[in-house]
file start-v8.pdb (PDB, C-alpha atoms)
ATOM      1  CA  MET A 217      13.159  -3.465  28.559  1.00  0.00           C
ATOM      2  CA  ASN A 218      14.820  -6.596  27.190  1.00  0.00           C
ATOM      3  CA  PHE A 219      14.160  -7.509  23.589  1.00  0.00           C
ATOM      4  CA  ASP A 220      15.218 -10.202  21.138  1.00  0.00           C
ATOM      5  CA  LYS A 221      15.209  -8.205  17.910  1.00  0.00           C
ATOM      6  CA  GLU A 222      15.023  -4.579  16.838  1.00  0.00           C
ATOM      7  CA  PHE A 223      13.442  -3.019  13.768  1.00  0.00           C
ATOM      8  CA  ASP A 224      14.206   0.605  12.963  1.00  0.00           C
ATOM      9  CA  ALA A 225      11.328   2.145  10.985  1.00  0.00           C
ATOM     10  CA  SER A 226      12.687   5.678  11.314  1.00  0.00           C
ATOM     11  CA  GLY A 227      11.855   7.836   8.304  1.00  0.00           C
ATOM     12  CA  LEU A 228       9.292   5.384   6.942  1.00  0.00           C
ATOM     13  CA  ALA A 229       5.706   6.473   6.267  1.00  0.00           C
ATOM     14  CA  CYS A 230       2.443   4.545   6.407  1.00  0.00           C
ATOM     15  CA  PRO A 231       2.000   1.681   5.761  1.00  0.00           C
ATOM     16  CA  LEU A 232       5.678   0.635   5.902  1.00  0.00           C
ATOM     17  CA  PRO A 233       6.181   0.692   9.710  1.00  0.00           C
ATOM     18  CA  ILE A 234       3.318  -1.788  10.165  1.00  0.00           C
ATOM     19  CA  VAL A 235       3.933  -3.922   7.084  1.00  0.00           C
ATOM     20  CA  LYS A 236       7.633  -4.250   7.914  1.00  0.00           C
ATOM     21  CA  THR A 237       6.963  -4.861  11.607  1.00  0.00           C
ATOM     22  CA  LYS A 238       4.853  -7.801  10.523  1.00  0.00           C
ATOM     23  CA  LYS A 239       7.740  -9.025   8.341  1.00  0.00           C
ATOM     24  CA  SER A 240      10.183  -8.651  11.242  1.00  0.00           C
ATOM     25  CA  LEU A 241       7.977 -10.840  13.418  1.00  0.00           C
ATOM     26  CA  VAL A 242       7.839 -13.693  10.923  1.00  0.00           C
ATOM     27  CA  ASP A 243      11.085 -15.413  11.889  1.00  0.00           C
ATOM     28  CA  MET A 244      10.663 -14.825  15.632  1.00  0.00           C
ATOM     29  CA  ALA A 245       9.404 -17.369  18.130  1.00  0.00           C
ATOM     30  CA  SER A 246       6.258 -17.015  20.176  1.00  0.00           C
ATOM     31  CA  GLY A 247       6.973 -15.025  23.355  1.00  0.00           C
ATOM     32  CA  GLN A 248       9.987 -13.193  21.934  1.00  0.00           C
ATOM     33  CA  VAL A 249      10.012  -9.396  22.078  1.00  0.00           C
ATOM     34  CA  LEU A 250      10.480  -7.076  19.102  1.00  0.00           C
ATOM     35  CA  LYS A 251      11.534  -3.469  19.622  1.00  0.00           C
ATOM     36  CA  VAL A 252      10.285  -1.079  16.931  1.00  0.00           C
ATOM     37  CA  VAL A 253      11.485   2.494  16.558  1.00  0.00           C
ATOM     38  CA  ALA A 254       9.405   4.780  14.324  1.00  0.00           C
ATOM     39  CA  THR A 255       9.184   8.473  13.495  1.00  0.00           C
ATOM     40  CA  ASP A 256       5.740   8.375  11.880  1.00  0.00           C
ATOM     41  CA  PRO A 257       3.285   9.883  14.417  1.00  0.00           C
ATOM     42  CA  GLY A 258       0.532   7.780  12.826  1.00  0.00           C
ATOM     43  CA  SER A 259       2.330   4.647  13.995  1.00  0.00           C
ATOM     44  CA  VAL A 260       1.139   5.282  17.569  1.00  0.00           C
ATOM     45  CA  CYS A 261      -2.474   4.460  16.713  1.00  0.00           C
ATOM     46  CA  ASP A 262      -1.487   2.005  13.999  1.00  0.00           C
ATOM     47  CA  MET A 263       0.741  -0.124  16.209  1.00  0.00           C
ATOM     48  CA  ALA A 264      -2.014  -0.432  18.824  1.00  0.00           C
ATOM     49  CA  ALA A 265      -4.481  -1.437  16.103  1.00  0.00           C
ATOM     50  CA  PHE A 266      -1.960  -3.909  14.663  1.00  0.00           C
ATOM     51  CA  ALA A 267      -1.413  -5.511  18.086  1.00  0.00           C
ATOM     52  CA  GLU A 268      -5.123  -5.706  18.799  1.00  0.00           C
ATOM     53  CA  GLN A 269      -5.930  -7.364  15.474  1.00  0.00           C
ATOM     54  CA  THR A 270      -3.008  -9.798  15.357  1.00  0.00           C
ATOM     55  CA  GLY A 271      -2.925 -10.841  19.025  1.00  0.00           C
ATOM     56  CA  HIS A 272       0.667  -9.726  19.604  1.00  0.00           C
ATOM     57  CA  ALA A 273       0.995  -7.945  22.960  1.00  0.00           C
ATOM     58  CA  LEU A 274       2.015  -4.296  22.909  1.00  0.00           C
ATOM     59  CA  LEU A 275       4.013  -4.351  26.143  1.00  0.00           C
ATOM     60  CA  GLN A 276       5.090  -0.756  26.159  1.00  0.00           C
ATOM     61  CA  GLN A 277       5.163   2.361  24.025  1.00  0.00           C
ATOM     62  CA  THR A 278       7.059   5.540  24.659  1.00  0.00           C
ATOM     63  CA  GLU A 279       7.847   8.755  22.851  1.00  0.00           C
ATOM     64  CA  GLU A 280      11.100  10.585  23.165  1.00  0.00           C
ATOM     65  CA  GLY A 281      12.383  13.419  20.978  1.00  0.00           C
ATOM     66  CA  GLY A 282      10.157  12.580  18.015  1.00  0.00           C
ATOM     67  CA  LYS A 283      10.963   8.852  18.197  1.00  0.00           C
ATOM     68  CA  TYR A 284       8.224   6.385  19.004  1.00  0.00           C
ATOM     69  CA  VAL A 285       9.418   3.172  20.611  1.00  0.00           C
ATOM     70  CA  PHE A 286       7.260   0.052  20.817  1.00  0.00           C
ATOM     71  CA  PHE A 287       7.851  -3.316  22.438  1.00  0.00           C
ATOM     72  CA  LEU A 288       5.787  -6.118  20.933  1.00  0.00           C
ATOM     73  CA  LYS A 289       5.629  -9.630  22.342  1.00  0.00           C
ATOM     74  CA  LYS A 290       4.932 -12.159  19.619  1.00  0.00           C
ATOM     75  CA  ALA A 291       1.764 -14.194  20.144  1.00  0.00           C
TER      76      ALA A 291
ATOM     77  CA  MET B 141     -10.771 -15.943  15.138  1.00  0.00           C
ATOM     78  CA  ALA B 142     -11.876 -16.415  11.516  1.00  0.00           C
ATOM     79  CA  THR B 143      -9.647 -14.816   8.917  1.00  0.00           C
ATOM     80  CA  LYS B 144     -11.034 -11.487   7.769  1.00  0.00           C
ATOM     81  CA  LYS B 145     -11.293 -10.778   4.072  1.00  0.00           C
ATOM     82  CA  MET B 146     -11.094  -7.674   1.906  1.00  0.00           C
ATOM     83  CA  ALA B 147     -11.776  -7.188  -1.775  1.00  0.00           C
ATOM     84  CA  ILE B 148     -10.781  -4.043  -3.667  1.00  0.00           C
ATOM     85  CA  ILE B 149     -11.653  -2.928  -7.185  1.00  0.00           C
ATOM     86  CA  ALA B 150      -8.825  -0.720  -8.473  1.00  0.00           C
ATOM     87  CA  THR B 151     -10.020   1.357 -11.413  1.00  0.00           C
ATOM     88  CA  LYS B 152      -7.590   4.276 -11.521  1.00  0.00           C
ATOM     89  CA  GLY B 153      -4.088   4.482 -12.916  1.00  0.00           C
ATOM     90  CA  ALA B 154      -2.902   7.920 -11.806  1.00  0.00           C
ATOM     91  CA  LEU B 155      -0.134   8.184  -9.210  1.00  0.00           C
ATOM     92  CA  ASP B 156      -2.327   9.495  -6.393  1.00  0.00           C
ATOM     93  CA  MET B 157      -5.073   6.925  -7.020  1.00  0.00           C
ATOM     94  CA  ALA B 158      -2.601   4.057  -7.357  1.00  0.00           C
ATOM     95  CA  TYR B 159      -1.589   4.258  -3.706  1.00  0.00           C
ATOM     96  CA  PRO B 160      -4.803   3.564  -1.749  1.00  0.00           C
ATOM     97  CA  PRO B 161      -5.435   0.029  -3.085  1.00  0.00           C
ATOM     98  CA  LEU B 162      -1.827  -1.021  -2.513  1.00  0.00           C
ATOM     99  CA  ILE B 163      -1.565   0.631   0.926  1.00  0.00           C
ATOM    100  CA  LEU B 164      -4.789  -0.946   2.163  1.00  0.00           C
ATOM    101  CA  ALA B 165      -4.015  -4.337   0.670  1.00  0.00           C
ATOM    102  CA  SER B 166      -0.486  -4.545   2.101  1.00  0.00           C
ATOM    103  CA  THR B 167      -1.704  -3.387   5.515  1.00  0.00           C
ATOM    104  CA  ALA B 168      -4.644  -5.792   5.631  1.00  0.00           C
ATOM    105  CA  ALA B 169      -2.330  -8.630   4.607  1.00  0.00           C
ATOM    106  CA  ALA B 170       0.042  -7.643   7.442  1.00  0.00           C
ATOM    107  CA  LEU B 171      -2.930  -7.900   9.807  1.00  0.00           C
ATOM    108  CA  GLY B 172      -3.495 -11.446   8.596  1.00  0.00           C
ATOM    109  CA  TRP B 173      -6.404 -10.693   6.279  1.00  0.00           C
ATOM    110  CA  GLU B 174      -7.011 -12.516   3.022  1.00  0.00           C
ATOM    111  CA  VAL B 175      -7.001  -9.894   0.268  1.00  0.00           C
ATOM    112  CA  GLN B 176      -7.825  -9.741  -3.415  1.00  0.00           C
ATOM    113  CA  ILE B 177      -7.534  -6.771  -5.760  1.00  0.00           C
ATOM    114  CA  PHE B 178      -9.456  -6.746  -9.015  1.00  0.00           C
ATOM    115  CA  PHE B 179      -7.739  -4.401 -11.492  1.00  0.00           C
ATOM    116  CA  THR B 180      -9.972  -3.013 -14.208  1.00  0.00           C
ATOM    117  CA  PHE B 181      -9.915  -0.163 -16.727  1.00  0.00           C
ATOM    118  CA  TYR B 182      -7.064   2.247 -15.867  1.00  0.00           C
ATOM    119  CA  GLY B 183      -6.261   0.264 -12.737  1.00  0.00           C
ATOM    120  CA  LEU B 184      -4.634  -2.277 -15.051  1.00  0.00           C
ATOM    121  CA  GLN B 185      -1.708   0.115 -15.388  1.00  0.00           C
ATOM    122  CA  LEU B 186      -0.721  -0.855 -11.834  1.00  0.00           C
ATOM    123  CA  LEU B 187       0.030  -4.388 -13.030  1.00  0.00           C
ATOM    124  CA  ARG B 188       2.630  -3.337 -15.588  1.00  0.00           C
ATOM    125  CA  LYS B 189       6.164  -4.593 -14.984  1.00  0.00           C
ATOM    126  CA  ASP B 190       7.358  -1.042 -15.457  1.00  0.00           C
ATOM    127  CA  LEU B 191       5.472   1.463 -13.292  1.00  0.00           C
ATOM    128  CA  SER B 192       7.594   4.458 -14.272  1.00  0.00           C
ATOM    129  CA  GLY B 193       4.832   5.698 -16.580  1.00  0.00           C
ATOM    130  CA  ILE B 194       2.383   6.233 -13.698  1.00  0.00           C
ATOM    131  CA  ALA B 195       1.874   9.988 -13.529  1.00  0.00           C
ATOM    132  CA  ILE B 196      -0.074  12.720 -11.793  1.00  0.00           C
ATOM    133  CA  SER B 197      -1.510  15.834 -13.395  1.00  0.00           C
ATOM    134  CA  PRO B 198      -2.444  19.092 -11.692  1.00  0.00           C
ATOM    135  CA  LEU B 199      -4.954  19.616 -14.513  1.00  0.00           C
ATOM    136  CA  ALA B 200      -8.558  19.054 -13.375  1.00  0.00           C
ATOM    137  CA  ASN B 201      -7.098  18.231  -9.975  1.00  0.00           C
ATOM    138  CA  PRO B 202      -7.821  21.473  -8.095  1.00  0.00           C
ATOM    139  CA  ALA B 203      -7.224  19.995  -4.625  1.00  0.00           C
ATOM    140  CA  MET B 204      -3.638  19.047  -5.424  1.00  0.00           C
ATOM    141  CA  PRO B 205      -1.314  21.146  -3.243  1.00  0.00           C
ATOM    142  CA  MET B 206       1.055  23.185  -5.406  1.00  0.00           C
ATOM    143  CA  PRO B 207       4.236  24.979  -4.276  1.00  0.00           C
ATOM    144  CA  VAL B 208       2.977  28.064  -6.123  1.00  0.00           C
ATOM    145  CA  PRO B 209      -0.552  28.758  -7.369  1.00  0.00           C
ATOM    146  CA  MET B 210      -0.758  27.818 -11.025  1.00  0.00           C
ATOM    147  CA  PRO B 211      -3.418  29.018 -13.472  1.00  0.00           C
ATOM    148  CA  VAL B 212      -5.153  26.240 -15.433  1.00  0.00           C
ATOM    149  CA  ILE B 213      -3.830  27.601 -18.721  1.00  0.00           C
ATOM    150  CA  VAL B 214      -0.271  27.042 -17.422  1.00  0.00           C
ATOM    151  CA  GLN B 215      -1.099  23.536 -16.202  1.00  0.00           C
ATOM    152  CA  MET B 216      -1.987  22.678 -19.814  1.00  0.00           C
ATOM    153  CA  LEU B 217       1.486  23.458 -21.133  1.00  0.00           C
ATOM    154  CA  PRO B 218       3.656  20.617 -22.452  1.00  0.00           C
ATOM    155  CA  GLY B 219       5.853  19.108 -19.768  1.00  0.00           C
ATOM    156  CA  MET B 220       3.699  20.218 -16.829  1.00  0.00           C
ATOM    157  CA  GLU B 221       2.461  16.712 -16.082  1.00  0.00           C
ATOM    158  CA  ALA B 222       5.993  15.309 -16.177  1.00  0.00           C
ATOM    159  CA  MET B 223       7.171  18.098 -13.884  1.00  0.00           C
ATOM    160  CA  ALA B 224       4.317  17.612 -11.411  1.00  0.00           C
ATOM    161  CA  THR B 225       4.979  13.857 -11.407  1.00  0.00           C
ATOM    162  CA  SER B 226       8.688  14.163 -10.735  1.00  0.00           C
ATOM    163  CA  MET B 227       8.064  16.744  -7.992  1.00  0.00           C
ATOM    164  CA  MET B 228       5.475  14.483  -6.342  1.00  0.00           C
ATOM    165  CA  LYS B 229       7.752  11.442  -6.535  1.00  0.00           C
ATOM    166  CA  ALA B 230      10.661  13.402  -5.059  1.00  0.00           C
ATOM    167  CA  LYS B 231       8.462  14.605  -2.202  1.00  0.00           C
ATOM    168  CA  MET B 232       7.211  11.092  -1.517  1.00  0.00           C
ATOM    169  CA  LYS B 233      10.747   9.733  -1.395  1.00  0.00           C
ATOM    170  CA  LYS B 234      11.816  12.503   0.991  1.00  0.00           C
ATOM    171  CA  LYS B 235       8.883  11.737   3.294  1.00  0.00           C
ATOM    172  CA  GLY B 236       9.593   7.996   3.392  1.00  0.00           C
ATOM    173  CA  VAL B 237       6.557   6.987   1.336  1.00  0.00           C
ATOM    174  CA  ALA B 238       7.120   3.639  -0.380  1.00  0.00           C
ATOM    175  CA  SER B 239       7.320   3.497  -4.161  1.00  0.00           C
ATOM    176  CA  LEU B 240       4.433   1.793  -5.962  1.00  0.00           C
ATOM    177  CA  THR B 241       6.787  -0.991  -6.997  1.00  0.00           C
ATOM    178  CA  GLU B 242       7.844  -1.614  -3.393  1.00  0.00           C
ATOM    179  CA  LEU B 243       4.256  -1.629  -2.128  1.00  0.00           C
ATOM    180  CA  ARG B 244       3.205  -3.983  -4.897  1.00  0.00           C
ATOM    181  CA  GLU B 245       6.058  -6.348  -4.031  1.00  0.00           C
ATOM    182  CA  LEU B 246       5.045  -6.264  -0.370  1.00  0.00           C
ATOM    183  CA  CYS B 247       1.498  -7.182  -1.407  1.00  0.00           C
ATOM    184  CA  GLN B 248       2.693 -10.096  -3.503  1.00  0.00           C
ATOM    185  CA  GLU B 249       5.031 -11.336  -0.767  1.00  0.00           C
ATOM    186  CA  ALA B 250       2.060 -11.277   1.603  1.00  0.00           C
ATOM    187  CA  GLU B 251       0.028 -13.320  -0.886  1.00  0.00           C
ATOM    188  CA  VAL B 252      -2.449 -10.628  -1.873  1.00  0.00           C
ATOM    189  CA  LYS B 253      -4.173 -12.049  -4.938  1.00  0.00           C
ATOM    190  CA  PHE B 254      -4.122  -9.815  -8.023  1.00  0.00           C
ATOM    191  CA  ILE B 255      -6.803 -10.338 -10.656  1.00  0.00           C
ATOM    192  CA  ALA B 256      -6.692  -8.513 -13.981  1.00  0.00           C
ATOM    193  CA  CYS B 257     -10.001  -7.860 -15.695  1.00  0.00           C
ATOM    194  CA  GLN B 258      -9.845  -9.897 -18.896  1.00  0.00           C
ATOM    195  CA  MET B 259     -12.441  -7.716 -20.633  1.00  0.00           C
ATOM    196  CA  THR B 260     -10.471  -4.498 -20.204  1.00  0.00           C
ATOM    197  CA  VAL B 261      -7.174  -6.223 -21.050  1.00  0.00           C
ATOM    198  CA  ASP B 262      -8.789  -7.151 -24.384  1.00  0.00           C
ATOM    199  CA  LEU B 263     -10.513  -3.775 -24.764  1.00  0.00           C
ATOM    200  CA  PHE B 264      -7.238  -1.849 -24.517  1.00  0.00           C
ATOM    201  CA  GLU B 265      -5.351  -4.570 -26.404  1.00  0.00           C
ATOM    202  CA  PHE B 266      -2.814  -4.863 -23.606  1.00  0.00           C
ATOM    203  CA  SER B 267      -0.280  -7.644 -23.855  1.00  0.00           C
ATOM    204  CA  LYS B 268      -0.026 -10.009 -20.910  1.00  0.00           C
ATOM    205  CA  ASP B 269       3.742  -9.868 -21.458  1.00  0.00           C
ATOM    206  CA  ASP B 270       3.675  -6.288 -20.176  1.00  0.00           C
ATOM    207  CA  PHE B 271       2.177  -7.405 -16.858  1.00  0.00           C
ATOM    208  CA  ILE B 272       3.923  -8.880 -13.843  1.00  0.00           C
ATOM    209  CA  ASP B 273       3.872 -12.611 -13.189  1.00  0.00           C
ATOM    210  CA  GLY B 274       1.684 -14.253 -10.592  1.00  0.00           C
ATOM    211  CA  ILE B 275      -1.597 -12.603 -11.518  1.00  0.00           C
ATOM    212  CA  GLU B 276      -4.867 -14.182 -12.561  1.00  0.00           C
ATOM    213  CA  TYR B 277      -7.199 -13.105 -15.330  1.00  0.00           C
ATOM    214  CA  GLY B 278     -10.938 -13.137 -14.744  1.00  0.00           C
ATOM    215  CA  GLY B 279     -14.220 -11.317 -14.932  1.00  0.00           C
ATOM    216  CA  ALA B 280     -16.945  -9.905 -12.731  1.00  0.00           C
ATOM    217  CA  ALA B 281     -18.157 -13.329 -11.635  1.00  0.00           C
ATOM    218  CA  THR B 282     -14.643 -14.186 -10.392  1.00  0.00           C
ATOM    219  CA  PHE B 283     -14.619 -10.999  -8.344  1.00  0.00           C
ATOM    220  CA  MET B 284     -18.118 -11.509  -6.944  1.00  0.00           C
ATOM    221  CA  LYS B 285     -17.313 -15.025  -5.783  1.00  0.00           C
ATOM    222  CA  PHE B 286     -14.704 -13.680  -3.361  1.00  0.00           C
ATOM    223  CA  ALA B 287     -16.355 -10.276  -2.758  1.00  0.00           C
ATOM    224  CA  GLY B 288     -19.471 -12.002  -1.473  1.00  0.00           C
ATOM    225  CA  GLU B 289     -17.527 -13.482   1.416  1.00  0.00           C
ATOM    226  CA  THR B 290     -15.627 -10.364   2.454  1.00  0.00           C
ATOM    227  CA  ASP B 291     -15.788  -8.138   5.537  1.00  0.00           C
ATOM    228  CA  VAL B 292     -14.582  -5.079   3.605  1.00  0.00           C
ATOM    229  CA  CYS B 293     -15.198  -4.387  -0.072  1.00  0.00           C
ATOM    230  CA  LEU B 294     -13.962  -1.186  -1.698  1.00  0.00           C
ATOM    231  CA  PHE B 295     -14.218   0.489  -5.092  1.00  0.00           C
ATOM    232  CA  ILE B 296     -11.274   2.787  -5.707  1.00  0.00           C
TER     233      ILE B 296
END

call {"tool": "encode", "arguments": {"input": "start-v8.pdb", "output": "structure tokens"}}
result
Amino acid sequence: MNFDKEFDASGLACPLPIVKTKKSLVDMASGQVLKVVATDPGSVCDMAAFAEQTGHALLQQTEEGGKYVFFLKKA
Amino acid sequence: MATKKMAIIATKGALDMAYPPLILASTAAALGWEVQIFFTFYGLQLLRKDLSGIAISPLANPAMPMPVPMPVIVQMLPGMEAMATSMMKAKMKKKGVASLTELRELCQEAEVKFIACQMTVDLFEFSKDDFIDGIEYGGAATFMKFAGETDVCLFI
């Protein structure tokens, strides 16, 4: 999937993946896509909850070899 | 969608109890919530410029996981609290848990409002010079004004 910016949250524990994802989105334009890579298993539920509450669209999420990859489209 | 609001009363100054207010506040702020934390009694320690004195003790903390079982009489020995604190901090760093200073900075960047309880500042004779900048000083009425409008209100 195409994306405009990537944020690597590997090795970070709650709440950093979410708090720093929010920070990564700040300087992006509406409609742009942010790719987030995380290793915290809790980020699977958290990212969905973050998207739901902020209005950003969680386009896709996958898991591969202990890495969780999310694509968020900025609202 | 109206902005959601959360108010937290932070009353504890031990390492383990310092995390929940700052984790919840930084997360809620990231979700676009308006957040205030009212620091009172030992919670005031979390407003110090230097947080290196925040410690954890295995004593009277029977649920704390220990690498080896430790009798209470041993936990009372000099240096045990410092050892437990440095072990906990090392473990947190290894697991990617933010430091208290980093979490507090993230809260302030996200405009979480910090209010120090004036009564307990005076009670403990703390100097405002020891506290970080950008905080307000107030009392219970200040807290209630905001707390009364919140969606989530927690005492920690």

call {"tool": "closest_residue", "arguments": {"input": "start-v8.pdb", "among": "B:Thr260, B:Thr180, B:Thr167, B:Thr225", "to": "Ala150 of chain B", "atoms": "all atoms listed in the file"}}
result
B:Thr180

call {"tool": "interface_residues", "arguments": {"input": "start-v8.pdb", "of": "chain B", "to": "chain A", "cutoff": "9 Å", "atoms": "only C-alpha atoms", "output": "PyMOL selection string"}}
result
chain B and resi 163-164+166-172+234-238+243+246

call {"tool": "atom_distance", "arguments": {"input": "start-v8.pdb", "atom1": "atom CA of Phe271 of chain B", "atom2": "atom CA of Asp190 of chain B"}}
result
8.3 Å

call {"tool": "resolve_selection", "arguments": {"input": "start-v8.pdb", "expression": "the PyMOL selection byres ((chain B and resi 200-214) around 12)", "output": "tab-separated table (two decimals) with C-alpha atoms, keeping the file's coordinate frame"}}
result
chain	number	residue	atom	x	y	z
B	154	ALA	CA	-2.90	7.92	-11.81
B	156	ASP	CA	-2.33	9.49	-6.39
B	157	MET	CA	-5.07	6.92	-7.02
B	196	ILE	CA	-0.07	12.72	-11.79
B	197	SER	CA	-1.51	15.83	-13.40
B	198	PRO	CA	-2.44	19.09	-11.69
B	199	LEU	CA	-4.95	19.62	-14.51
B	215	GLN	CA	-1.10	23.54	-16.20
B	216	MET	CA	-1.99	22.68	-19.81
B	217	LEU	CA	1.49	23.46	-21.13
B	218	PRO	CA	3.66	20.62	-22.45
B	219	GLY	CA	5.85	19.11	-19.77
B	220	MET	CA	3.70	20.22	-16.83
B	221	GLU	CA	2.46	16.71	-16.08
B	223	MET	CA	7.17	18.10	-13.88
B	224	ALA	CA	4.32	17.61	-11.41
B	225	THR	CA	4.98	13.86	-11.41
B	227	MET	CA	8.06	16.74	-7.99
B	228	MET	CA	5.48	14.48	-6.34
B	231	LYS	CA	8.46	14.60	-2.20

call {"tool": "atom_distance", "arguments": {"input": "start-v8.pdb", "atom1": "atom CA of Lys290 of chain A", "atom2": "atom CA of Val242 of chain A"}}
result
9.3 Å

call {"tool": "residues_around", "arguments": {"input": "start-v8.pdb", "residues": "Asp224 of chain A", "least_positions_apart": "4", "cutoff": "9 Å", "atoms": "all atoms listed in the file", "output": "PyMOL selection string"}}
result
chain A and resi 233+251-254

call {"tool": "closest_residue", "arguments": {"input": "start-v8.pdb", "among": "A:Gly281, A:Ala291, A:Leu274, A:Met263", "to": "Gln248 of chain A", "atoms": "only C-alpha atoms"}}
result
A:Ala291

call {"tool": "resolve_selection", "arguments": {"input": "start-v8.pdb", "expression": "the PyMOL selection byres ((chain A and resi 260) around 10)", "output": "short mmCIF file (atom, residue, chain, number, x, y, z; two decimals) with C-alpha atoms, in the frame of the given file"}}
result
data_model
loop_
_atom_site.label_atom_id
_atom_site.label_comp_id
_atom_site.auth_asym_id
_atom_site.auth_seq_id
_atom_site.Cartn_x
_atom_site.Cartn_y
_atom_site.Cartn_z
CA ALA A 254 9.40 4.78 14.32
CA THR A 255 9.18 8.47 13.50
CA ASP A 256 5.74 8.38 11.88
CA PRO A 257 3.28 9.88 14.42
CA GLY A 258 0.53 7.78 12.83
CA SER A 259 2.33 4.65 14.00
CA CYS A 261 -2.47 4.46 16.71
CA ASP A 262 -1.49 2.00 14.00
CA MET A 263 0.74 -0.12 16.21
CA ALA A 264 -2.01 -0.43 18.82
CA ALA A 265 -4.48 -1.44 16.10
CA GLN A 277 5.16 2.36 24.02
CA THR A 278 7.06 5.54 24.66
CA GLU A 279 7.85 8.76 22.85
CA TYR A 284 8.22 6.38 19.00
CA VAL A 285 9.42 3.17 20.61
CA PHE A 286 7.26 0.05 20.82
#

call {"tool": "residues_around", "arguments": {"input": "start-v8.pdb", "residues": "Lys268 of chain B", "least_positions_apart": "3", "cutoff": "12 Å", "atoms": "all atoms listed in the file", "output": "list of chain:residue names"}}
result
B:Leu184, B:Gln185, B:Leu187, B:Arg188, B:Lys189, B:Ala256, B:Cys257, B:Gln258, B:Thr260, B:Val261, B:Asp262, B:Phe264, B:Glu265, B:Phe271, B:Ile272, B:Asp273, B:Gly274, B:Ile275, B:Glu276, B:Tyr277

call {"tool": "atom_distance", "arguments": {"input": "start-v8.pdb", "atom1": "atom CA of Met146 of chain B", "atom2": "atom CA of Ala281 of chain B"}}
result
16.3 Å

call {"tool": "axis_aligned_box", "arguments": {"input": "start-v8.pdb", "around": "segment 256-264 of chain A", "padding_each_side": "3 Å", "output": "lines of an AutoDock Vina configuration file"}}
result
center_x = 1.6
center_y = 4.7
center_z = 15.4
size_x = 14.2
size_y = 16.3
size_z = 12.9

call {"tool": "residues_near_point", "arguments": {"input": "start-v8.pdb", "point": "(-6.9, 1.8, -6.5)", "cutoff": "7 Å", "atoms": "only C-alpha atoms", "output": "list in words"}}
result
Ile149, Ala150, Thr151, Lys152, Met157, Ala158, Tyr159, Pro160, Pro161, Gly183 and Ile296 of chain B

call {"tool": "write_last_selection", "arguments": {"input": "start-v8.pdb", "atoms": "C-alpha atoms", "output": "JSON list (two decimals), keeping the file's coordinate frame"}}
result
[["chain", "number", "residue", "atom", "x", "y", "z"],
["B", 149, "ILE", "CA", -11.65, -2.93, -7.18],
["B", 150, "ALA", "CA", -8.82, -0.72, -8.47],
["B", 151, "THR", "CA", -10.02, 1.36, -11.41],
["B", 152, "LYS", "CA", -7.59, 4.28, -11.52],
["B", 157, "MET", "CA", -5.07, 6.92, -7.02],
["B", 158, "ALA", "CA", -2.60, 4.06, -7.36],
["B", 159, "TYR", "CA", -1.59, 4.26, -3.71],
["B", 160, "PRO", "CA", -4.80, 3.56, -1.75],
["B", 161, "PRO", "CA", -5.44, 0.03, -3.08],
["B", 183, "GLY", "CA", -6.26, 0.26, -12.74],
["B", 296, "ILE", "CA", -11.27, 2.79, -5.71]]

call {"tool": "residues_around", "arguments": {"input": "start-v8.pdb", "residues": "Val292 of chain B", "least_positions_apart": "2", "cutoff": "8 Å", "atoms": "all atoms listed in the file", "output": "list of chain:residue names"}}
result
B:Lys145, B:Met146, B:Ala147, B:Thr290, B:Leu294
